[in-house]
>>> print(open('coords-v5.csv').read())   # CSV, N, CA and C atoms
chain,number,residue,atom,x,y,z
A,1,MET,N,-27.4,-8.8,19.9
A,1,MET,CA,-26.5,-9.7,20.4
A,1,MET,C,-26.6,-11.0,19.6
A,2,GLU,N,-25.4,-11.6,19.2
A,2,GLU,CA,-25.4,-12.7,18.4
A,2,GLU,C,-24.8,-13.9,19.2
A,3,LEU,N,-25.0,-15.1,18.6
A,3,LEU,CA,-24.4,-16.3,19.2
A,3,LEU,C,-23.2,-16.6,18.4
A,4,ASP,N,-22.1,-16.9,19.0
A,4,ASP,CA,-20.9,-17.3,18.3
A,4,ASP,C,-20.9,-18.8,17.9
A,5,ASN,N,-19.9,-19.3,17.4
A,5,ASN,CA,-19.8,-20.8,17.0
A,5,ASN,C,-19.9,-21.7,18.1
A,6,PHE,N,-19.8,-21.2,19.3
A,6,PHE,CA,-19.9,-22.1,20.5
A,6,PHE,C,-21.2,-21.9,21.3
A,7,GLY,N,-22.1,-21.2,20.7
A,7,GLY,CA,-23.4,-20.9,21.3
A,7,GLY,C,-23.4,-19.9,22.4
A,8,MET,N,-22.3,-19.1,22.5
A,8,MET,CA,-22.2,-18.1,23.5
A,8,MET,C,-22.7,-16.8,23.0
A,9,ASP,N,-23.2,-16.0,23.9
A,9,ASP,CA,-23.7,-14.6,23.5
A,9,ASP,C,-22.4,-13.8,23.2
A,10,PHE,N,-22.6,-13.0,22.1
A,10,PHE,CA,-21.5,-12.1,21.8
A,10,PHE,C,-22.1,-10.7,21.4
A,11,GLU,N,-21.7,-9.7,22.1
A,11,GLU,CA,-22.1,-8.4,21.7
A,11,GLU,C,-20.9,-7.6,21.2
A,12,ASP,N,-21.1,-7.0,20.0
A,12,ASP,CA,-20.0,-6.2,19.4
A,12,ASP,C,-20.1,-4.8,19.9
A,13,TYR,N,-19.1,-4.4,20.7
A,13,TYR,CA,-19.0,-3.1,21.2
A,13,TYR,C,-18.2,-2.1,20.4
A,14,PHE,N,-17.6,-2.6,19.3
A,14,PHE,CA,-16.8,-1.8,18.5
A,14,PHE,C,-17.5,-0.6,17.9
A,15,PRO,N,-18.7,-0.8,17.3
A,15,PRO,CA,-19.4,0.4,16.7
A,15,PRO,C,-19.7,1.5,17.8
A,16,SER,N,-20.1,1.1,19.0
A,16,SER,CA,-20.3,2.1,20.0
A,16,SER,C,-19.0,2.8,20.5
A,17,MET,N,-17.9,2.0,20.5
A,17,MET,CA,-16.6,2.6,20.8
A,17,MET,C,-16.2,3.6,19.8
A,18,ILE,N,-16.4,3.2,18.5
A,18,ILE,CA,-16.0,4.2,17.4
A,18,ILE,C,-16.9,5.4,17.6
A,19,GLY,N,-18.1,5.3,17.9
A,19,GLY,CA,-19.0,6.4,18.0
A,19,GLY,C,-18.6,7.3,19.2
A,20,SER,N,-18.1,6.8,20.2
A,20,SER,CA,-17.7,7.6,21.4
A,20,SER,C,-16.3,8.1,21.3
A,21,LEU,N,-15.4,7.3,20.8
A,21,LEU,CA,-14.0,7.6,20.7
A,21,LEU,C,-13.5,8.3,19.4
A,22,GLY,N,-14.3,8.1,18.4
A,22,GLY,CA,-13.9,8.5,17.0
A,22,GLY,C,-13.0,7.5,16.5
A,23,ALA,N,-12.7,7.5,15.2
A,23,ALA,CA,-11.9,6.5,14.5
A,23,ALA,C,-10.5,6.5,15.0
A,24,GLU,N,-9.9,7.6,15.2
A,24,GLU,CA,-8.5,7.7,15.7
A,24,GLU,C,-8.4,7.2,17.1
A,25,GLY,N,-9.3,7.6,18.0
A,25,GLY,CA,-9.3,7.1,19.3
A,25,GLY,C,-9.5,5.6,19.4
A,26,PHE,N,-10.4,5.1,18.6
A,26,PHE,CA,-10.6,3.6,18.6
A,26,PHE,C,-9.4,2.9,18.1
A,27,ILE,N,-8.7,3.3,17.1
A,27,ILE,CA,-7.5,2.7,16.7
A,27,ILE,C,-6.4,2.7,17.8
A,28,GLY,N,-6.4,3.8,18.5
A,28,GLY,CA,-5.5,4.0,19.6
A,28,GLY,C,-5.8,2.9,20.7
A,29,GLU,N,-7.0,2.7,20.9
A,29,GLU,CA,-7.4,1.6,21.9
A,29,GLU,C,-7.1,0.2,21.5
A,30,LEU,N,-7.2,0.0,20.2
A,30,LEU,CA,-6.8,-1.3,19.6
A,30,LEU,C,-5.3,-1.5,19.8
A,31,CYS,N,-4.5,-0.4,19.6
A,31,CYS,CA,-3.1,-0.4,19.8
A,31,CYS,C,-2.7,-0.7,21.2
A,32,ASN,N,-3.5,-0.1,22.1
A,32,ASN,CA,-3.2,-0.4,23.6
A,32,ASN,C,-3.5,-1.8,23.9
A,33,GLY,N,-4.6,-2.4,23.3
A,33,GLY,CA,-4.8,-3.8,23.5
A,33,GLY,C,-3.7,-4.7,22.9
A,34,PHE,N,-3.2,-4.3,21.8
A,34,PHE,CA,-2.1,-5.1,21.2
A,34,PHE,C,-0.9,-5.1,22.2
A,35,ARG,N,-0.5,-3.9,22.7
A,35,ARG,CA,0.6,-3.8,23.6
A,35,ARG,C,0.4,-4.6,24.9
A,36,LEU,N,-0.8,-4.7,25.3
A,36,LEU,CA,-1.1,-5.6,26.5
A,36,LEU,C,-0.8,-7.0,26.3
A,37,LEU,N,-1.1,-7.5,25.0
A,37,LEU,CA,-0.9,-8.9,24.7
A,37,LEU,C,0.4,-9.3,24.1
A,38,MET,N,1.2,-8.3,23.7
A,38,MET,CA,2.4,-8.6,23.0
A,38,MET,C,3.6,-9.1,23.9
A,39,ASP,N,4.5,-9.8,23.3
A,39,ASP,CA,5.8,-10.1,23.9
A,39,ASP,C,6.6,-8.8,23.8
A,40,VAL,N,7.0,-8.2,25.0
A,40,VAL,CA,7.7,-6.9,25.0
A,40,VAL,C,9.0,-7.0,24.3
A,41,ASN,N,9.7,-8.1,24.3
A,41,ASN,CA,11.0,-8.3,23.7
A,41,ASN,C,10.9,-8.4,22.2
A,42,LYS,N,9.8,-9.0,21.7
A,42,LYS,CA,9.7,-9.2,20.2
A,42,LYS,C,8.8,-8.2,19.6
A,43,GLY,N,8.0,-7.5,20.3
A,43,GLY,CA,7.0,-6.5,19.8
A,43,GLY,C,5.9,-7.2,19.0
A,44,LEU,N,5.6,-8.4,19.3
A,44,LEU,CA,4.6,-9.2,18.5
A,44,LEU,C,3.8,-10.0,19.5
A,45,ILE,N,2.6,-10.3,19.2
A,45,ILE,CA,1.8,-11.2,19.9
A,45,ILE,C,2.2,-12.6,19.5
A,46,THR,N,2.8,-13.4,20.4
A,46,THR,CA,3.3,-14.7,20.1
A,46,THR,C,2.4,-15.7,20.8
A,47,PHE,N,2.6,-17.0,20.5
A,47,PHE,CA,1.9,-18.0,21.2
A,47,PHE,C,2.1,-17.9,22.7
A,48,GLU,N,3.4,-17.8,23.0
A,48,GLU,CA,3.7,-17.7,24.4
A,48,GLU,C,3.1,-16.5,25.1
A,49,SER,N,3.2,-15.3,24.5
A,49,SER,CA,2.6,-14.1,25.2
A,49,SER,C,1.1,-14.3,25.3
A,50,LEU,N,0.4,-14.8,24.3
A,50,LEU,CA,-1.0,-15.0,24.3
A,50,LEU,C,-1.4,-16.0,25.4
A,51,LYS,N,-0.6,-17.1,25.5
A,51,LYS,CA,-0.9,-18.1,26.6
A,51,LYS,C,-0.7,-17.5,28.0
A,52,VAL,N,0.4,-16.8,28.2
A,52,VAL,CA,0.6,-16.1,29.5
A,52,VAL,C,-0.5,-15.2,29.8
A,53,ASN,N,-0.9,-14.3,28.9
A,53,ASN,CA,-1.9,-13.3,29.2
A,53,ASN,C,-3.3,-14.0,29.4
A,54,CYS,N,-3.6,-15.1,28.7
A,54,CYS,CA,-4.9,-15.8,29.0
A,54,CYS,C,-4.8,-16.3,30.4
A,55,PHE,N,-3.7,-16.9,30.8
A,55,PHE,CA,-3.6,-17.4,32.1
A,55,PHE,C,-3.7,-16.3,33.2
A,56,MET,N,-3.1,-15.2,32.9
A,56,MET,CA,-3.2,-14.1,33.9
A,56,MET,C,-4.6,-13.5,34.0
A,57,LEU,N,-5.4,-13.6,32.9
A,57,LEU,CA,-6.8,-13.2,32.9
A,57,LEU,C,-7.7,-14.2,33.4
A,58,GLY,N,-7.2,-15.4,33.8
A,58,GLY,CA,-8.0,-16.5,34.3
A,58,GLY,C,-8.8,-17.2,33.2
A,59,LEU,N,-8.4,-17.1,32.0
A,59,LEU,CA,-9.0,-17.8,30.9
A,59,LEU,C,-8.4,-19.2,30.7
A,60,GLU,N,-9.2,-20.2,30.5
A,60,GLU,CA,-8.7,-21.5,30.2
A,60,GLU,C,-8.9,-21.7,28.7
A,61,VAL,N,-7.8,-21.6,28.0
A,61,VAL,CA,-7.8,-21.7,26.5
A,61,VAL,C,-6.8,-22.8,26.2
A,62,ARG,N,-7.2,-23.8,25.4
A,62,ARG,CA,-6.4,-24.8,24.9
A,62,ARG,C,-5.3,-24.3,24.0
A,63,ASP,N,-4.2,-25.0,23.9
A,63,ASP,CA,-3.1,-24.6,23.0
A,63,ASP,C,-3.6,-24.5,21.6
A,64,ASP,N,-4.4,-25.5,21.1
A,64,ASP,CA,-4.8,-25.5,19.7
A,64,ASP,C,-5.7,-24.3,19.5
A,65,GLU,N,-6.5,-23.8,20.4
A,65,GLU,CA,-7.3,-22.7,20.3
A,65,GLU,C,-6.4,-21.4,20.2
A,66,LEU,N,-5.4,-21.3,20.9
A,66,LEU,CA,-4.5,-20.2,20.9
A,66,LEU,C,-3.8,-20.2,19.5
A,67,LEU,N,-3.4,-21.3,19.0
A,67,LEU,CA,-2.7,-21.4,17.7
A,67,LEU,C,-3.7,-21.0,16.6
A,68,CYS,N,-5.0,-21.4,16.7
A,68,CYS,CA,-6.0,-21.0,15.8
A,68,CYS,C,-6.2,-19.5,15.8
A,69,MET,N,-6.2,-18.9,17.0
A,69,MET,CA,-6.3,-17.4,17.1
A,69,MET,C,-5.2,-16.7,16.3
A,70,LEU,N,-4.0,-17.2,16.5
A,70,LEU,CA,-2.8,-16.6,15.8
A,70,LEU,C,-2.9,-16.8,14.3
A,71,MET,N,-3.3,-18.0,13.9
A,71,MET,CA,-3.4,-18.3,12.5
A,71,MET,C,-4.4,-17.5,11.8
A,72,GLU,N,-5.5,-17.2,12.5
A,72,GLU,CA,-6.6,-16.4,12.0
A,72,GLU,C,-6.1,-15.0,11.5
A,73,GLY,N,-5.2,-14.4,12.2
A,73,GLY,CA,-4.8,-13.1,11.9
A,73,GLY,C,-3.4,-13.0,11.3
A,74,ASP,N,-2.6,-14.1,11.2
A,74,ASP,CA,-1.3,-14.0,10.8
A,74,ASP,C,-1.2,-14.0,9.2
A,75,LEU,N,-1.1,-12.8,8.7
A,75,LEU,CA,-1.1,-12.5,7.3
A,75,LEU,C,0.3,-12.8,6.6
A,76,ASP,N,1.4,-12.6,7.4
A,76,ASP,CA,2.7,-12.8,6.8
A,76,ASP,C,3.3,-14.1,7.0
A,77,GLY,N,2.6,-15.0,7.7
A,77,GLY,CA,3.0,-16.4,7.9
A,77,GLY,C,4.2,-16.6,8.9
A,78,ASP,N,4.4,-15.6,9.8
A,78,ASP,CA,5.5,-15.7,10.7
A,78,ASP,C,5.1,-16.4,12.0
A,79,GLY,N,3.8,-16.7,12.2
A,79,GLY,CA,3.4,-17.4,13.4
A,79,GLY,C,3.0,-16.5,14.5
A,80,ALA,N,3.1,-15.2,14.3
A,80,ALA,CA,2.8,-14.2,15.4
A,80,ALA,C,2.0,-13.1,14.7
A,81,LEU,N,1.5,-12.2,15.6
A,81,LEU,CA,0.7,-11.0,15.1
A,81,LEU,C,1.5,-9.7,15.4
A,82,ASN,N,1.7,-9.0,14.3
A,82,ASN,CA,2.2,-7.6,14.5
A,82,ASN,C,1.0,-6.7,14.8
A,83,GLN,N,1.3,-5.4,15.0
A,83,GLN,CA,0.2,-4.5,15.4
A,83,GLN,C,-0.8,-4.4,14.3
A,84,MET,N,-0.4,-4.3,13.0
A,84,MET,CA,-1.3,-4.1,11.9
A,84,MET,C,-2.1,-5.4,11.7
A,85,GLU,N,-1.5,-6.6,11.8
A,85,GLU,CA,-2.3,-7.8,11.7
A,85,GLU,C,-3.4,-7.9,12.8
A,86,PHE,N,-3.0,-7.5,14.0
A,86,PHE,CA,-3.9,-7.5,15.1
A,86,PHE,C,-5.1,-6.6,14.9
A,87,CYS,N,-4.8,-5.3,14.4
A,87,CYS,CA,-5.9,-4.4,14.1
A,87,CYS,C,-6.8,-4.9,13.0
A,88,ILE,N,-6.2,-5.4,12.0
A,88,ILE,CA,-7.0,-6.0,10.9
A,88,ILE,C,-7.9,-7.1,11.4
A,89,LEU,N,-7.3,-8.0,12.2
A,89,LEU,CA,-8.1,-9.1,12.7
A,89,LEU,C,-9.3,-8.6,13.6
A,90,MET,N,-9.0,-7.6,14.4
A,90,MET,CA,-10.1,-7.1,15.3
A,90,MET,C,-11.3,-6.5,14.4
A,91,PHE,N,-10.9,-5.9,13.3
A,91,PHE,CA,-12.0,-5.4,12.4
A,91,PHE,C,-12.7,-6.5,11.7
A,92,ARG,N,-12.0,-7.5,11.3
A,92,ARG,CA,-12.6,-8.7,10.6
A,92,ARG,C,-13.5,-9.4,11.5
A,93,LEU,N,-13.2,-9.5,12.8
A,93,LEU,CA,-14.0,-10.3,13.7
A,93,LEU,C,-15.2,-9.5,14.3
A,94,SER,N,-15.3,-8.2,13.9
A,94,SER,CA,-16.5,-7.5,14.4
A,94,SER,C,-17.6,-7.6,13.4
A,95,PRO,N,-18.7,-8.4,13.8
A,95,PRO,CA,-19.8,-8.6,12.8
A,95,PRO,C,-20.5,-7.3,12.4
A,96,CYS,N,-20.4,-6.3,13.2
A,96,CYS,CA,-21.1,-5.0,12.8
A,96,CYS,C,-20.2,-4.2,11.8
A,97,LEU,N,-18.9,-4.5,11.8
A,97,LEU,CA,-18.0,-3.7,10.9
A,97,LEU,C,-17.7,-4.4,9.7
A,98,MET,N,-17.7,-5.7,9.7
A,98,MET,CA,-17.4,-6.5,8.5
A,98,MET,C,-18.4,-7.6,8.3
A,99,ASP,N,-18.2,-8.4,7.3
A,99,ASP,CA,-19.2,-9.5,7.0
A,99,ASP,C,-19.3,-10.6,8.0
A,100,GLY,N,-18.3,-10.6,8.9
A,100,GLY,CA,-18.3,-11.7,10.0
A,100,GLY,C,-16.9,-12.3,10.0
A,101,PRO,N,-16.7,-13.1,11.0
A,101,PRO,CA,-15.4,-13.8,11.2
A,101,PRO,C,-15.2,-14.9,10.2
A,102,LYS,N,-14.0,-15.1,9.8
A,102,LYS,CA,-13.6,-16.2,8.9
A,102,LYS,C,-13.3,-17.4,9.8
A,103,MET,N,-13.5,-18.5,9.3
A,103,MET,CA,-13.2,-19.8,10.0
A,103,MET,C,-11.7,-20.0,10.0
A,104,CYS,N,-11.1,-20.5,11.1
A,104,CYS,CA,-9.7,-20.8,11.1
A,104,CYS,C,-9.4,-22.0,10.2
A,105,THR,N,-8.4,-21.8,9.4
A,105,THR,CA,-7.9,-22.8,8.5
A,105,THR,C,-6.4,-22.7,8.5
A,106,ASN,N,-5.7,-23.7,7.9
A,106,ASN,CA,-4.3,-23.7,7.8
A,106,ASN,C,-3.8,-22.8,6.7
A,107,THR,N,-4.6,-22.3,5.9
A,107,THR,CA,-4.2,-21.4,4.8
A,107,THR,C,-4.9,-20.0,5.0
A,108,HIS,N,-4.6,-19.1,4.1
A,108,HIS,CA,-5.2,-17.8,4.2
A,108,HIS,C,-6.4,-17.7,3.3
A,109,GLN,N,-7.2,-18.8,3.1
A,109,GLN,CA,-8.4,-18.7,2.3
A,109,GLN,C,-9.3,-17.8,2.9
A,110,GLY,N,-10.1,-17.0,2.2
A,110,GLY,CA,-11.0,-16.1,2.7
A,110,GLY,C,-10.5,-14.8,3.1
A,111,VAL,N,-9.2,-14.6,3.0
A,111,VAL,CA,-8.6,-13.3,3.4
A,111,VAL,C,-8.5,-12.5,2.1
A,112,ASP,N,-8.9,-11.3,2.2
A,112,ASP,CA,-8.8,-10.4,1.1
A,112,ASP,C,-7.4,-10.3,0.6
A,113,PRO,N,-7.1,-10.6,-0.7
A,113,PRO,CA,-5.7,-10.5,-1.1
A,113,PRO,C,-5.0,-9.1,-1.0
A,114,MET,N,-5.8,-8.1,-0.9
A,114,MET,CA,-5.3,-6.8,-0.7
A,114,MET,C,-4.7,-6.6,0.7
A,115,LEU,N,-5.1,-7.5,1.6
A,115,LEU,CA,-4.6,-7.4,3.0
A,115,LEU,C,-3.3,-8.2,3.2
A,116,MET,N,-3.0,-9.0,2.2
A,116,MET,CA,-1.8,-9.9,2.3
A,116,MET,C,-0.6,-9.2,1.8
>>> encode(input="coords-v5.csv", output="structure tokens")
Amino acid sequence: MELDNFGMDFEDYFPSMIGSLGAEGFIGELCNGFRLLMDVNKGLITFESLKVNCFMLGLEVRDDELLCMLMEGDLDGDGALNQMEFCILMFRLSPCLMDGPKMCTNTHQGVDPMLM
């Protein structure tokens, strides 16, 4: 278990999920997660859809934090996450699968150019 930037415990369940579901099953679960968070009319995770879903889950997340979440994964600069961007972000944020999360910035610094 690791501490995140806010001093909270974080346990990465992705490796155990991959072990039990297999790679294809794990990607399927990520896609299910995307569909739960997306705006059904746009087929994207937007600021509005993320805000509504956080509220429905009882999470108190500030608007600037929601924007930072979107910026972290938005590779094409449209201000929203498509399914591929969401899956890439989930892998990047898994400390056991990648080197660790990148800090939120206004640019795509630190993003592998092959992913852009």
>>> atom_distance(input="coords-v5.csv", atom1="atom N of A:Thr46", atom2="atom CA of A:Leu70")
7.9 Å
>>> closest_atom_pairs(input="coords-v5.csv", of="stretch 20-54 of chain A", to="stretch 84-96 of chain A", cutoff="9 Å", atoms="only C-alpha atoms", output="CSV")
residue,atom,partner,partner_atom,distance
A:Ile27,CA,A:Cys87,CA,7.7
A:Leu30,CA,A:Cys87,CA,6.4
A:Cys31,CA,A:Cys87,CA,7.5
A:Phe34,CA,A:Phe86,CA,6.8
A:Ile45,CA,A:Phe86,CA,8.3
>>> closest_residue(input="coords-v5.csv", among="A:Leu67, A:Leu44, A:Leu21, A:Met38", to="A:Ala80", atoms="all atoms listed in the file")
A:Leu44
>>> atom_distance(input="coords-v5.csv", atom1="atom N of A:Gly25", atom2="atom C of A:Met71")
26.3 Å
>>> atom_distance(input="coords-v5.csv", atom1="atom CA of A:Leu50", atom2="atom CA of A:Ser16")
26.1 Å
>>> select_by_dssp(input="coords-v5.csv", residues="stretch 41-79 of chain A", states="helix (DSSP H, G or I)", output="PyMOL selection string")
chain A and resi 47-56+63-73
>>> closest_residue(input="coords-v5.csv", among="A:Ile18, A:Ala23, A:Leu75, A:Leu66", to="A:Lys51", atoms="all atoms listed in the file")
A:Leu66
